Amino acid sequence: MPTSKSSPSILILGAGCFGLATAHHLASRGYSNITVLDKDSEVPSRFSAANDLNKVIRAEYADPFYTDLALEAIHKWRTDPLYTPHYHQTGFLNVTSNAASRVTRDVVEKYYSSIQNHPGFSDQVRRVNGDAEIKDLVPGFTGPVEGWSGYYNKLAGYAHSANTLEAVYKACLALGVKFHLGESVGEVESLLYASSLRSGTTCIGARTRGGNVHLADKTILALGASAPTLLPSVGKQMTGRCWGVAHIQLTPEEARSLRGIPVTNVRDLAFFFEPDHETNKLKFCHMGGAFTNFAGSKQGDRSLSLPFPTISESAFIPADDERYIRQLLREVLPDLADRPLIDAHLCWIADTDDSDYIVDFVPGMGESLVVLSGDSGHGFKMIPIFGGFVETLLTEGRQIQKKWQWKRSKPSAGAAWRSGESQELASVVRAKL
Ligand SMILES: Cc1cc2nc3c(=O)[nH]c(=O)nc-3n(C[C@H](O)[C@H](O)[C@H](O)COP(=O)(O)OP(=O)(O)OC[C@H]3O[C@@H](n4cnc5c(N)ncnc54)[C@H](O)[C@@H]3O)c2cc1C
Ligand SMILES: *[C@@H]1O[C@H](CO)[C@@H](O)[C@H](O)[C@H]1NC(C)=O
Ligand SMILES: *[C@@H]1O[C@H](CO)[C@@H](O)[C@H](O)[C@H]1NC(C)=O
């Protein structure tokens, strides 16, 4: 832990999930000179994947490494006063519909037995098979839910992710972290480098679009899916991909009848959450193989898939996503099946081929430049402990956790827990909402 005299200056680029988690943790550990820049004019940023009504908090992973971390994070969600107001332990119901293939069902079976044997889940997970058991578990489901089968995990739920970001932001301000927000003073246009014979090339800070220069001992790049816009080399190990998110508006009475339902993931259709407490909106997401935007590559060489630069360009979902969501509604809440979908947008993640995060120094720069990326769609739940990963990196002076090292591999097809292949957005038919 640094004393205030020895505290290195830290410049964090991006006030999304990883950037805020890092700023907050380092500030609470005695780093006294931290500056954060973000391109949006407020936090939560509209460009952050975590600026959303809710995100799933669950610990079952095929890889026990992440299971253990997620259990540690869930402990904080349940006990740390910064996080508890935003965490709702509604449980997580993970099923396939009747239409799912035999292969998918076998995967569920194998997956269930693997988590059932983990001590962290003792008595928390059980099989749920068929409509009678589903309706017994969730009486609010009025549809046929025919043939739905999978498991229910009690030690899981969701967090209001936008409100969590806001809470962590306020905690950062209280700890003296400085923020510069908005296109001119917050949007980073380039990294700044210096070279000398003795130390080679080092990163010395960043320049914003309005020309402001921020110098720092350590620069931490936390731009999520946009990381390659400032550091193209990281684009060799992650791909910007997105999923569509949409909502339907419930009346207060409708919302009441679904209060406390588990997060429900119907793997072959879509997942949804209990209605949001403030807005009574139900959120849906079809988590297929996700979509890429290689056509948007500034380089023009189509080597990078990047998020659209503006919010309005991401304000749609593919027509197929709507089809999956309506099919889901017909099976589970048929009265709502024709209700308009609202607030539809694409949500961007930084996907790696092995779904492992990237938390490392950029090679060849000494210890001057850190990259936090590769969230692969499962970073938010770690917000209570993610900053600790970065502190360990800074203290050790290298990434001792092999999984999170700067990767040399090329991203390929999506991870096993997704269904389907990635598709380029330019070829996607958009839903007419
Ligand atoms: C549909 C969907 C569902 C998800 N569900 C879950 C879930 O259930 N559970 C879970 O754990 N995770 C989930 N995630 C993943 C989670 O949201 C991400 O892992 C997390 O937000 C990644 O954090 P990040 O800081 O890397 O990126 P982000 O949160 O996206 O933050 C990046 C930040 O960089 C800023 N920025 C970009 N460019 C610049 C620039 N040039 N200058 C300055 N600032 C810039 C942006 O404004 C933004 O604030 C989901 C993601 C999506 C898309
Ligand atoms: C849901 O279960 C499937 C097995 O059918 C598993 O592959 C997947 O990871 C689970 N989903 C989540 C979010 O845990
Ligand atoms: C914080 O760091 C910056 C950049 O290194 C430096 O210019 C500034 O004087 C530092 N502020 C304090 C209070 O130490």
# chains A, B, ... in the order shown; residues from 1 in each chain; ligands from 1
call {"tool": "residues_around", "arguments": {"residues": "Pro318 in chain A", "least_positions_apart": "5", "cutoff": "7 Å", "atoms": "only C-alpha atoms", "output": "number ranges by chain"}}
result
A: 244, 428-431
call {"tool": "closest_atom_pairs", "arguments": {"of": "chain A", "to": "ligand 3", "cutoff": "10 Å", "atoms": "only C-alpha atoms and all ligand atoms", "output": "JSON lines"}}
result
{"residue": "A:Ser4", "atom": "CA", "partner": "ligand 3", "partner_atom_place_in_ligand_line": "14 (O)", "distance": 8.2}
{"residue": "A:Lys5", "atom": "CA", "partner": "ligand 3", "partner_atom_place_in_ligand_line": "14 (O)", "distance": 7.8}
{"residue": "A:Ser6", "atom": "CA", "partner": "ligand 3", "partner_atom_place_in_ligand_line": "14 (O)", "distance": 9.2}
{"residue": "A:Ser7", "atom": "CA", "partner": "ligand 3", "partner_atom_place_in_ligand_line": "14 (O)", "distance": 7.8}
{"residue": "A:Pro8", "atom": "CA", "partner": "ligand 3", "partner_atom_place_in_ligand_line": "2 (O)", "distance": 7.3}
{"residue": "A:Ser9", "atom": "CA", "partner": "ligand 3", "partner_atom_place_in_ligand_line": "2 (O)", "distance": 4.4}
{"residue": "A:Ile10", "atom": "CA", "partner": "ligand 3", "partner_atom_place_in_ligand_line": "2 (O)", "distance": 7.3}
{"residue": "A:Leu11", "atom": "CA", "partner": "ligand 3", "partner_atom_place_in_ligand_line": "4 (C)", "distance": 8.4}
{"residue": "A:Ser32", "atom": "CA", "partner": "ligand 3", "partner_atom_place_in_ligand_line": "13 (C)", "distance": 7.6}
{"residue": "A:Asn33", "atom": "CA", "partner": "ligand 3", "partner_atom_place_in_ligand_line": "1 (C)", "distance": 4.9}
{"residue": "A:Ile34", "atom": "CA", "partner": "ligand 3", "partner_atom_place_in_ligand_line": "1 (C)", "distance": 7.3}
{"residue": "A:Thr35", "atom": "CA", "partner": "ligand 3", "partner_atom_place_in_ligand_line": "1 (C)", "distance": 8.3}
{"residue": "A:Ile204", "atom": "CA", "partner": "ligand 3", "partner_atom_place_in_ligand_line": "5 (O)", "distance": 8.9}
{"residue": "A:Gly205", "atom": "CA", "partner": "ligand 3", "partner_atom_place_in_ligand_line": "4 (C)", "distance": 8.6}
{"residue": "A:His214", "atom": "CA", "partner": "ligand 3", "partner_atom_place_in_ligand_line": "4 (C)", "distance": 7.0}
{"residue": "A:Leu215", "atom": "CA", "partner": "ligand 3", "partner_atom_place_in_ligand_line": "4 (C)", "distance": 4.9}
{"residue": "A:Ala216", "atom": "CA", "partner": "ligand 3", "partner_atom_place_in_ligand_line": "5 (O)", "distance": 4.3}
{"residue": "A:Asp217", "atom": "CA", "partner": "ligand 3", "partner_atom_place_in_ligand_line": "5 (O)", "distance": 6.0}
{"residue": "A:Lys218", "atom": "CA", "partner": "ligand 3", "partner_atom_place_in_ligand_line": "5 (O)", "distance": 8.9}
call {"tool": "write_last_selection", "arguments": {"atoms": "N, CA, C and O atoms", "output": "PDB file, in the first residue's frame"}}
result
ATOM      1  N   SER A   4       1.065   8.416   1.108  1.00  0.00           N
ATOM      2  CA  SER A   4       0.634   9.475   0.197  1.00  0.00           C
ATOM      3  C   SER A   4       1.845  10.131  -0.500  1.00  0.00           C
ATOM      4  O   SER A   4       1.738  10.610  -1.608  1.00  0.00           O
ATOM      5  N   LYS A   5       3.004  10.123   0.160  1.00  0.00           N
ATOM      6  CA  LYS A   5       4.188  10.720  -0.470  1.00  0.00           C
ATOM      7  C   LYS A   5       4.666   9.902  -1.668  1.00  0.00           C
ATOM      8  O   LYS A   5       5.034  10.438  -2.699  1.00  0.00           O
ATOM      9  N   SER A   6       4.635   8.552  -1.498  1.00  0.00           N
ATOM     10  CA  SER A   6       5.192   7.698  -2.546  1.00  0.00           C
ATOM     11  C   SER A   6       4.144   7.327  -3.592  1.00  0.00           C
ATOM     12  O   SER A   6       4.447   6.643  -4.547  1.00  0.00           O
ATOM     13  N   SER A   7       2.889   7.778  -3.401  1.00  0.00           N
ATOM     14  CA  SER A   7       1.814   7.314  -4.264  1.00  0.00           C
ATOM     15  C   SER A   7       2.060   7.672  -5.726  1.00  0.00           C
ATOM     16  O   SER A   7       2.141   8.846  -6.085  1.00  0.00           O
ATOM     17  N   PRO A   8       2.167   6.672  -6.588  1.00  0.00           N
ATOM     18  CA  PRO A   8       2.351   6.984  -8.005  1.00  0.00           C
ATOM     19  C   PRO A   8       1.070   7.606  -8.563  1.00  0.00           C
ATOM     20  O   PRO A   8      -0.015   7.325  -8.081  1.00  0.00           O
ATOM     21  N   SER A   9       1.207   8.453  -9.573  1.00  0.00           N
ATOM     22  CA  SER A   9       0.001   9.004 -10.180  1.00  0.00           C
ATOM     23  C   SER A   9      -0.590   7.962 -11.138  1.00  0.00           C
ATOM     24  O   SER A   9       0.134   7.312 -11.900  1.00  0.00           O
ATOM     25  N   ILE A  10      -1.908   7.819 -11.051  1.00  0.00           N
ATOM     26  CA  ILE A  10      -2.615   6.797 -11.832  1.00  0.00           C
ATOM     27  C   ILE A  10      -3.626   7.493 -12.734  1.00  0.00           C
ATOM     28  O   ILE A  10      -4.440   8.295 -12.259  1.00  0.00           O
ATOM     29  N   LEU A  11      -3.587   7.177 -14.009  1.00  0.00           N
ATOM     30  CA  LEU A  11      -4.560   7.731 -14.956  1.00  0.00           C
ATOM     31  C   LEU A  11      -5.374   6.567 -15.507  1.00  0.00           C
ATOM     32  O   LEU A  11      -4.819   5.662 -16.130  1.00  0.00           O
ATOM     33  N   SER A  32      -3.279   8.035  -3.812  1.00  0.00           N
ATOM     34  CA  SER A  32      -3.919   9.322  -3.541  1.00  0.00           C
ATOM     35  C   SER A  32      -3.956  10.241  -4.761  1.00  0.00           C
ATOM     36  O   SER A  32      -4.474  11.342  -4.680  1.00  0.00           O
ATOM     37  N   ASN A  33      -3.434   9.785  -5.885  1.00  0.00           N
ATOM     38  CA  ASN A  33      -3.414  10.660  -7.060  1.00  0.00           C
ATOM     39  C   ASN A  33      -3.981   9.895  -8.264  1.00  0.00           C
ATOM     40  O   ASN A  33      -3.254   9.410  -9.117  1.00  0.00           O
ATOM     41  N   ILE A  34      -5.306   9.777  -8.282  1.00  0.00           N
ATOM     42  CA  ILE A  34      -5.980   8.998  -9.338  1.00  0.00           C
ATOM     43  C   ILE A  34      -6.881   9.918 -10.149  1.00  0.00           C
ATOM     44  O   ILE A  34      -7.684  10.668  -9.591  1.00  0.00           O
ATOM     45  N   THR A  35      -6.738   9.855 -11.455  1.00  0.00           N
ATOM     46  CA  THR A  35      -7.591  10.633 -12.363  1.00  0.00           C
ATOM     47  C   THR A  35      -8.265   9.662 -13.324  1.00  0.00           C
ATOM     48  O   THR A  35      -7.629   8.733 -13.823  1.00  0.00           O
ATOM     49  N   ILE A 204       3.344   7.675 -21.073  1.00  0.00           N
ATOM     50  CA  ILE A 204       3.434   8.721 -20.042  1.00  0.00           C
ATOM     51  C   ILE A 204       2.085   9.390 -19.782  1.00  0.00           C
ATOM     52  O   ILE A 204       1.995  10.314 -18.985  1.00  0.00           O
ATOM     53  N   GLY A 205       1.034   8.935 -20.440  1.00  0.00           N
ATOM     54  CA  GLY A 205      -0.280   9.523 -20.187  1.00  0.00           C
ATOM     55  C   GLY A 205      -1.140   9.501 -21.438  1.00  0.00           C
ATOM     56  O   GLY A 205      -0.973   8.634 -22.301  1.00  0.00           O
ATOM     57  N   HIS A 214      -2.863  14.653 -19.970  1.00  0.00           N
ATOM     58  CA  HIS A 214      -2.760  14.128 -18.602  1.00  0.00           C
ATOM     59  C   HIS A 214      -1.542  13.225 -18.532  1.00  0.00           C
ATOM     60  O   HIS A 214      -1.493  12.214 -19.241  1.00  0.00           O
ATOM     61  N   LEU A 215      -0.587  13.615 -17.680  1.00  0.00           N
ATOM     62  CA  LEU A 215       0.601  12.779 -17.514  1.00  0.00           C
ATOM     63  C   LEU A 215       0.420  11.920 -16.268  1.00  0.00           C
ATOM     64  O   LEU A 215      -0.251  12.324 -15.316  1.00  0.00           O
ATOM     65  N   ALA A 216       0.997  10.728 -16.289  1.00  0.00           N
ATOM     66  CA  ALA A 216       0.865   9.855 -15.113  1.00  0.00           C
ATOM     67  C   ALA A 216       1.987   8.830 -15.094  1.00  0.00           C
ATOM     68  O   ALA A 216       2.568   8.487 -16.127  1.00  0.00           O
ATOM     69  N   ASP A 217       2.284   8.331 -13.876  1.00  0.00           N
ATOM     70  CA  ASP A 217       3.273   7.259 -13.753  1.00  0.00           C
ATOM     71  C   ASP A 217       2.735   5.965 -14.360  1.00  0.00           C
ATOM     72  O   ASP A 217       3.465   5.197 -14.975  1.00  0.00           O
ATOM     73  N   LYS A 218       1.445   5.725 -14.110  1.00  0.00           N
ATOM     74  CA  LYS A 218       0.818   4.505 -14.641  1.00  0.00           C
ATOM     75  C   LYS A 218      -0.452   4.901 -15.374  1.00  0.00           C
ATOM     76  O   LYS A 218      -1.289   5.621 -14.816  1.00  0.00           O
TER      77      LYS A 218
END
call {"tool": "closest_atom_pairs", "arguments": {"of": "chain A", "to": "ligand 1", "cutoff": "7 Å", "atoms": "only C-alpha atoms and all ligand atoms", "output": "tab-separated table"}}
result
residue	atom	partner	partner_atom_place_in_ligand_line	distance
A:Leu13	CA	ligand 1	43 (C)	5.5
A:Gly14	CA	ligand 1	34 (O)	3.7
A:Ala15	CA	ligand 1	49 (O)	4.5
A:Gly16	CA	ligand 1	31 (O)	3.3
A:Cys17	CA	ligand 1	25 (O)	3.8
A:Phe18	CA	ligand 1	25 (O)	3.6
A:Gly19	CA	ligand 1	25 (O)	5.3
A:Leu37	CA	ligand 1	43 (C)	5.5
A:Asp38	CA	ligand 1	44 (N)	3.6
A:Lys39	CA	ligand 1	43 (C)	4.1
A:Asp40	CA	ligand 1	47 (O)	5.3
A:Pro44	CA	ligand 1	49 (O)	6.9
A:Ser45	CA	ligand 1	49 (O)	4.6
A:Arg46	CA	ligand 1	47 (O)	6.4
A:Phe47	CA	ligand 1	47 (O)	4.3
A:Ser48	CA	ligand 1	30 (O)	3.5
A:Ala49	CA	ligand 1	30 (O)	3.9
A:Ala50	CA	ligand 1	17 (O)	3.9
A:Lys55	CA	ligand 1	8 (O)	3.8
A:Val56	CA	ligand 1	8 (O)	3.4
A:Ile57	CA	ligand 1	9 (N)	5.7
A:Gly186	CA	ligand 1	43 (C)	5.6
A:Glu187	CA	ligand 1	42 (N)	3.6
A:Val188	CA	ligand 1	42 (N)	3.8
A:Glu189	CA	ligand 1	41 (N)	5.9
A:Ala222	CA	ligand 1	25 (O)	5.4
A:Leu223	CA	ligand 1	34 (O)	3.6
A:Gly224	CA	ligand 1	27 (O)	3.4
A:Ala225	CA	ligand 1	30 (O)	6.3
A:Ser226	CA	ligand 1	38 (N)	5.3
A:Cys242	CA	ligand 1	53 (C)	5.8
A:Trp243	CA	ligand 1	1 (C)	5.1
A:Gly244	CA	ligand 1	1 (C)	6.3
A:Val245	CA	ligand 1	1 (C)	5.9
A:Cys285	CA	ligand 1	1 (C)	6.2
A:Cys347	CA	ligand 1	53 (C)	3.7
A:Trp348	CA	ligand 1	53 (C)	4.7
A:Ile349	CA	ligand 1	53 (C)	5.3
A:Ala350	CA	ligand 1	26 (O)	7.0
A:Leu372	CA	ligand 1	26 (O)	6.5
A:Ser373	CA	ligand 1	26 (O)	5.0
A:Gly374	CA	ligand 1	26 (O)	6.9
A:Asp375	CA	ligand 1	19 (O)	4.4
A:Ser376	CA	ligand 1	19 (O)	6.2
A:Gly377	CA	ligand 1	15 (C)	3.7
A:His378	CA	ligand 1	12 (N)	3.7
A:Gly379	CA	ligand 1	19 (O)	3.2
A:Phe380	CA	ligand 1	11 (O)	3.5
A:Lys381	CA	ligand 1	11 (O)	3.8
A:Met382	CA	ligand 1	11 (O)	6.5
call {"tool": "select_by_dssp", "arguments": {"residues": "range 133-205 of chain A", "states": "alpha helix (DSSP H)", "output": "PDB file with N, CA, C and O atoms, in the first residue's frame"}}
result
ATOM      1  N   GLU A 133     -43.038 -28.649 -12.349  1.00  0.00           N
ATOM      2  CA  GLU A 133     -42.000 -28.214 -11.404  1.00  0.00           C
ATOM      3  C   GLU A 133     -41.641 -26.745 -11.588  1.00  0.00           C
ATOM      4  O   GLU A 133     -41.367 -26.039 -10.626  1.00  0.00           O
ATOM      5  N   ILE A 134     -41.643 -26.294 -12.843  1.00  0.00           N
ATOM      6  CA  ILE A 134     -41.323 -24.883 -13.115  1.00  0.00           C
ATOM      7  C   ILE A 134     -42.385 -23.977 -12.484  1.00  0.00           C
ATOM      8  O   ILE A 134     -42.076 -23.003 -11.802  1.00  0.00           O
ATOM      9  N   LYS A 135     -43.648 -24.335 -12.704  1.00  0.00           N
ATOM     10  CA  LYS A 135     -44.732 -23.484 -12.183  1.00  0.00           C
ATOM     11  C   LYS A 135     -44.811 -23.536 -10.668  1.00  0.00           C
ATOM     12  O   LYS A 135     -45.230 -22.565 -10.020  1.00  0.00           O
ATOM     13  N   ASP A 136     -44.404 -24.667 -10.123  1.00  0.00           N
ATOM     14  CA  ASP A 136     -44.353 -24.792  -8.685  1.00  0.00           C
ATOM     15  C   ASP A 136     -43.309 -23.821  -8.123  1.00  0.00           C
ATOM     16  O   ASP A 136     -43.516 -23.166  -7.100  1.00  0.00           O
ATOM     17  N   LEU A 137     -42.198 -23.741  -8.824  1.00  0.00           N
ATOM     18  CA  LEU A 137     -41.112 -22.859  -8.398  1.00  0.00           C
ATOM     19  C   LEU A 137     -41.465 -21.391  -8.631  1.00  0.00           C
ATOM     20  O   LEU A 137     -41.176 -20.530  -7.807  1.00  0.00           O
ATOM     21  N   SER A 161     -27.282  -2.767 -12.296  1.00  0.00           N
ATOM     22  CA  SER A 161     -25.892  -2.448 -12.630  1.00  0.00           C
ATOM     23  C   SER A 161     -25.649  -0.944 -12.799  1.00  0.00           C
ATOM     24  O   SER A 161     -24.602  -0.442 -12.397  1.00  0.00           O
ATOM     25  N   ALA A 162     -26.616  -0.202 -13.363  1.00  0.00           N
ATOM     26  CA  ALA A 162     -26.404   1.253 -13.498  1.00  0.00           C
ATOM     27  C   ALA A 162     -26.306   1.889 -12.109  1.00  0.00           C
ATOM     28  O   ALA A 162     -25.438   2.736 -11.865  1.00  0.00           O
ATOM     29  N   ASN A 163     -27.178   1.470 -11.197  1.00  0.00           N
ATOM     30  CA  ASN A 163     -27.133   2.044  -9.850  1.00  0.00           C
ATOM     31  C   ASN A 163     -25.848   1.662  -9.117  1.00  0.00           C
ATOM     32  O   ASN A 163     -25.334   2.433  -8.311  1.00  0.00           O
ATOM     33  N   THR A 164     -25.336   0.464  -9.407  1.00  0.00           N
ATOM     34  CA  THR A 164     -24.064   0.065  -8.801  1.00  0.00           C
ATOM     35  C   THR A 164     -22.939   0.967  -9.302  1.00  0.00           C
ATOM     36  O   THR A 164     -22.119   1.458  -8.517  1.00  0.00           O
ATOM     37  N   LEU A 165     -22.908   1.202 -10.623  1.00  0.00           N
ATOM     38  CA  LEU A 165     -21.860   2.079 -11.175  1.00  0.00           C
ATOM     39  C   LEU A 165     -21.927   3.458 -10.516  1.00  0.00           C
ATOM     40  O   LEU A 165     -20.909   4.048 -10.152  1.00  0.00           O
ATOM     41  N   GLU A 166     -23.149   3.957 -10.354  1.00  0.00           N
ATOM     42  CA  GLU A 166     -23.317   5.276  -9.749  1.00  0.00           C
ATOM     43  C   GLU A 166     -22.799   5.283  -8.309  1.00  0.00           C
ATOM     44  O   GLU A 166     -22.118   6.228  -7.879  1.00  0.00           O
ATOM     45  N   ALA A 167     -23.105   4.220  -7.571  1.00  0.00           N
ATOM     46  CA  ALA A 167     -22.661   4.144  -6.176  1.00  0.00           C
ATOM     47  C   ALA A 167     -21.134   4.084  -6.088  1.00  0.00           C
ATOM     48  O   ALA A 167     -20.520   4.747  -5.246  1.00  0.00           O
ATOM     49  N   VAL A 168     -20.512   3.315  -6.970  1.00  0.00           N
ATOM     50  CA  VAL A 168     -19.051   3.200  -6.938  1.00  0.00           C
ATOM     51  C   VAL A 168     -18.425   4.545  -7.353  1.00  0.00           C
ATOM     52  O   VAL A 168     -17.435   4.992  -6.770  1.00  0.00           O
ATOM     53  N   TYR A 169     -19.038   5.202  -8.314  1.00  0.00           N
ATOM     54  CA  TYR A 169     -18.575   6.533  -8.751  1.00  0.00           C
ATOM     55  C   TYR A 169     -18.597   7.518  -7.575  1.00  0.00           C
ATOM     56  O   TYR A 169     -17.617   8.212  -7.298  1.00  0.00           O
ATOM     57  N   LYS A 170     -19.716   7.544  -6.846  1.00  0.00           N
ATOM     58  CA  LYS A 170     -19.825   8.469  -5.704  1.00  0.00           C
ATOM     59  C   LYS A 170     -18.803   8.127  -4.627  1.00  0.00           C
ATOM     60  O   LYS A 170     -18.221   9.017  -4.010  1.00  0.00           O
ATOM     61  N   ALA A 171     -18.586   6.827  -4.421  1.00  0.00           N
ATOM     62  CA  ALA A 171     -17.587   6.412  -3.427  1.00  0.00           C
ATOM     63  C   ALA A 171     -16.193   6.859  -3.871  1.00  0.00           C
ATOM     64  O   ALA A 171     -15.369   7.271  -3.044  1.00  0.00           O
ATOM     65  N   CYS A 172     -15.937   6.824  -5.164  1.00  0.00           N
ATOM     66  CA  CYS A 172     -14.645   7.308  -5.693  1.00  0.00           C
ATOM     67  C   CYS A 172     -14.487   8.800  -5.421  1.00  0.00           C
ATOM     68  O   CYS A 172     -13.430   9.254  -4.973  1.00  0.00           O
ATOM     69  N   LEU A 173     -15.547   9.569  -5.709  1.00  0.00           N
ATOM     70  CA  LEU A 173     -15.487  11.020  -5.481  1.00  0.00           C
ATOM     71  C   LEU A 173     -15.186  11.297  -4.011  1.00  0.00           C
ATOM     72  O   LEU A 173     -14.358  12.142  -3.682  1.00  0.00           O
ATOM     73  N   ALA A 174     -15.846  10.542  -3.134  1.00  0.00           N
ATOM     74  CA  ALA A 174     -15.645  10.752  -1.697  1.00  0.00           C
ATOM     75  C   ALA A 174     -14.210  10.439  -1.288  1.00  0.00           C
ATOM     76  O   ALA A 174     -13.702  10.997  -0.317  1.00  0.00           O
TER      77      ALA A 174
END
call {"tool": "residues_around", "arguments": {"residues": "Tyr61 in chain A", "least_positions_apart": "6", "cutoff": "10 Å", "atoms": "only C-alpha atoms", "output": "PDB file with all heavy atoms, in the first residue's frame"}}
result
ATOM      1  N   THR A  67     -15.491 -19.764 -10.830  1.00  0.00           N
ATOM      2  CA  THR A  67     -16.482 -20.095  -9.794  1.00  0.00           C
ATOM      3  C   THR A  67     -16.015 -19.551  -8.457  1.00  0.00           C
ATOM      4  O   THR A  67     -16.765 -18.893  -7.736  1.00  0.00           O
ATOM      5  CB  THR A  67     -16.662 -21.629  -9.692  1.00  0.00           C
ATOM      6  OG1 THR A  67     -17.125 -22.104 -10.948  1.00  0.00           O
ATOM      7  CG2 THR A  67     -17.668 -21.991  -8.616  1.00  0.00           C
ATOM      8  N   ASP A  68     -14.755 -19.818  -8.108  1.00  0.00           N
ATOM      9  CA  ASP A  68     -14.244 -19.365  -6.817  1.00  0.00           C
ATOM     10  C   ASP A  68     -14.249 -17.841  -6.719  1.00  0.00           C
ATOM     11  O   ASP A  68     -14.617 -17.278  -5.693  1.00  0.00           O
ATOM     12  CB  ASP A  68     -12.832 -19.920  -6.582  1.00  0.00           C
ATOM     13  CG  ASP A  68     -12.846 -21.441  -6.422  1.00  0.00           C
ATOM     14  OD1 ASP A  68     -13.941 -21.996  -6.167  1.00  0.00           O
ATOM     15  OD2 ASP A  68     -11.790 -22.075  -6.571  1.00  0.00           O
ATOM     16  N   ALA A  70     -16.201 -15.777  -8.391  1.00  0.00           N
ATOM     17  CA  ALA A  70     -17.577 -15.289  -8.352  1.00  0.00           C
ATOM     18  C   ALA A  70     -18.190 -15.520  -6.968  1.00  0.00           C
ATOM     19  O   ALA A  70     -18.953 -14.694  -6.481  1.00  0.00           O
ATOM     20  CB  ALA A  70     -18.411 -15.954  -9.443  1.00  0.00           C
ATOM     21  N   TYR A 111     -23.368 -30.201 -17.015  1.00  0.00           N
ATOM     22  CA  TYR A 111     -23.083 -28.951 -16.334  1.00  0.00           C
ATOM     23  C   TYR A 111     -23.643 -28.992 -14.918  1.00  0.00           C
ATOM     24  O   TYR A 111     -22.984 -28.620 -13.952  1.00  0.00           O
ATOM     25  CB  TYR A 111     -23.738 -27.829 -17.127  1.00  0.00           C
ATOM     26  CG  TYR A 111     -23.326 -26.454 -16.711  1.00  0.00           C
ATOM     27  CD1 TYR A 111     -22.051 -26.007 -16.987  1.00  0.00           C
ATOM     28  CD2 TYR A 111     -24.200 -25.610 -16.055  1.00  0.00           C
ATOM     29  CE1 TYR A 111     -21.657 -24.744 -16.614  1.00  0.00           C
ATOM     30  CE2 TYR A 111     -23.823 -24.349 -15.676  1.00  0.00           C
ATOM     31  CZ  TYR A 111     -22.548 -23.919 -15.964  1.00  0.00           C
ATOM     32  OH  TYR A 111     -22.166 -22.660 -15.598  1.00  0.00           O
ATOM     33  N   SER A 114     -21.583 -31.043 -12.605  1.00  0.00           N
ATOM     34  CA  SER A 114     -20.309 -30.417 -12.239  1.00  0.00           C
ATOM     35  C   SER A 114     -20.490 -29.372 -11.137  1.00  0.00           C
ATOM     36  O   SER A 114     -19.679 -29.297 -10.219  1.00  0.00           O
ATOM     37  CB  SER A 114     -19.606 -29.824 -13.468  1.00  0.00           C
ATOM     38  OG  SER A 114     -20.153 -28.573 -13.783  1.00  0.00           O
ATOM     39  N   ILE A 115     -21.555 -28.569 -11.205  1.00  0.00           N
ATOM     40  CA  ILE A 115     -21.697 -27.549 -10.156  1.00  0.00           C
ATOM     41  C   ILE A 115     -22.247 -28.150  -8.860  1.00  0.00           C
ATOM     42  O   ILE A 115     -21.921 -27.698  -7.774  1.00  0.00           O
ATOM     43  CB  ILE A 115     -22.576 -26.345 -10.575  1.00  0.00           C
ATOM     44  CG1 ILE A 115     -23.923 -26.777 -11.123  1.00  0.00           C
ATOM     45  CG2 ILE A 115     -21.845 -25.477 -11.569  1.00  0.00           C
ATOM     46  CD1 ILE A 115     -24.807 -25.596 -11.488  1.00  0.00           C
ATOM     47  N   TRP A 417     -20.545 -21.411 -23.605  1.00  0.00           N
ATOM     48  CA  TRP A 417     -21.803 -21.119 -22.916  1.00  0.00           C
ATOM     49  C   TRP A 417     -22.726 -20.217 -23.723  1.00  0.00           C
ATOM     50  O   TRP A 417     -23.804 -19.875 -23.297  1.00  0.00           O
ATOM     51  CB  TRP A 417     -21.565 -20.557 -21.518  1.00  0.00           C
ATOM     52  CG  TRP A 417     -20.622 -19.389 -21.463  1.00  0.00           C
ATOM     53  CD1 TRP A 417     -19.259 -19.454 -21.434  1.00  0.00           C
ATOM     54  CD2 TRP A 417     -20.947 -18.014 -21.423  1.00  0.00           C
ATOM     55  NE1 TRP A 417     -18.733 -18.195 -21.378  1.00  0.00           N
ATOM     56  CE2 TRP A 417     -19.731 -17.295 -21.364  1.00  0.00           C
ATOM     57  CE3 TRP A 417     -22.158 -17.295 -21.419  1.00  0.00           C
ATOM     58  CZ2 TRP A 417     -19.689 -15.903 -21.312  1.00  0.00           C
ATOM     59  CZ3 TRP A 417     -22.104 -15.916 -21.373  1.00  0.00           C
ATOM     60  CH2 TRP A 417     -20.879 -15.239 -21.325  1.00  0.00           C
TER      61      TRP A 417
END
call {"tool": "residues_near_ligand", "arguments": {"ligand": "ligand 2", "cutoff": "10 Å", "atoms": "only C-alpha atoms and all ligand atoms", "output": "PyMOL selection string"}}
result
chain A and resi 56-63+92-96+103-112+115+149-153+263-268+271+287+378+415-419
call {"tool": "residues_around", "arguments": {"residues": "Gly30 in chain A", "least_positions_apart": "3", "cutoff": "9 Å", "atoms": "only C-alpha atoms", "output": "MDAnalysis selection string"}}
result
chainID A and resid 1:4 7 25:27
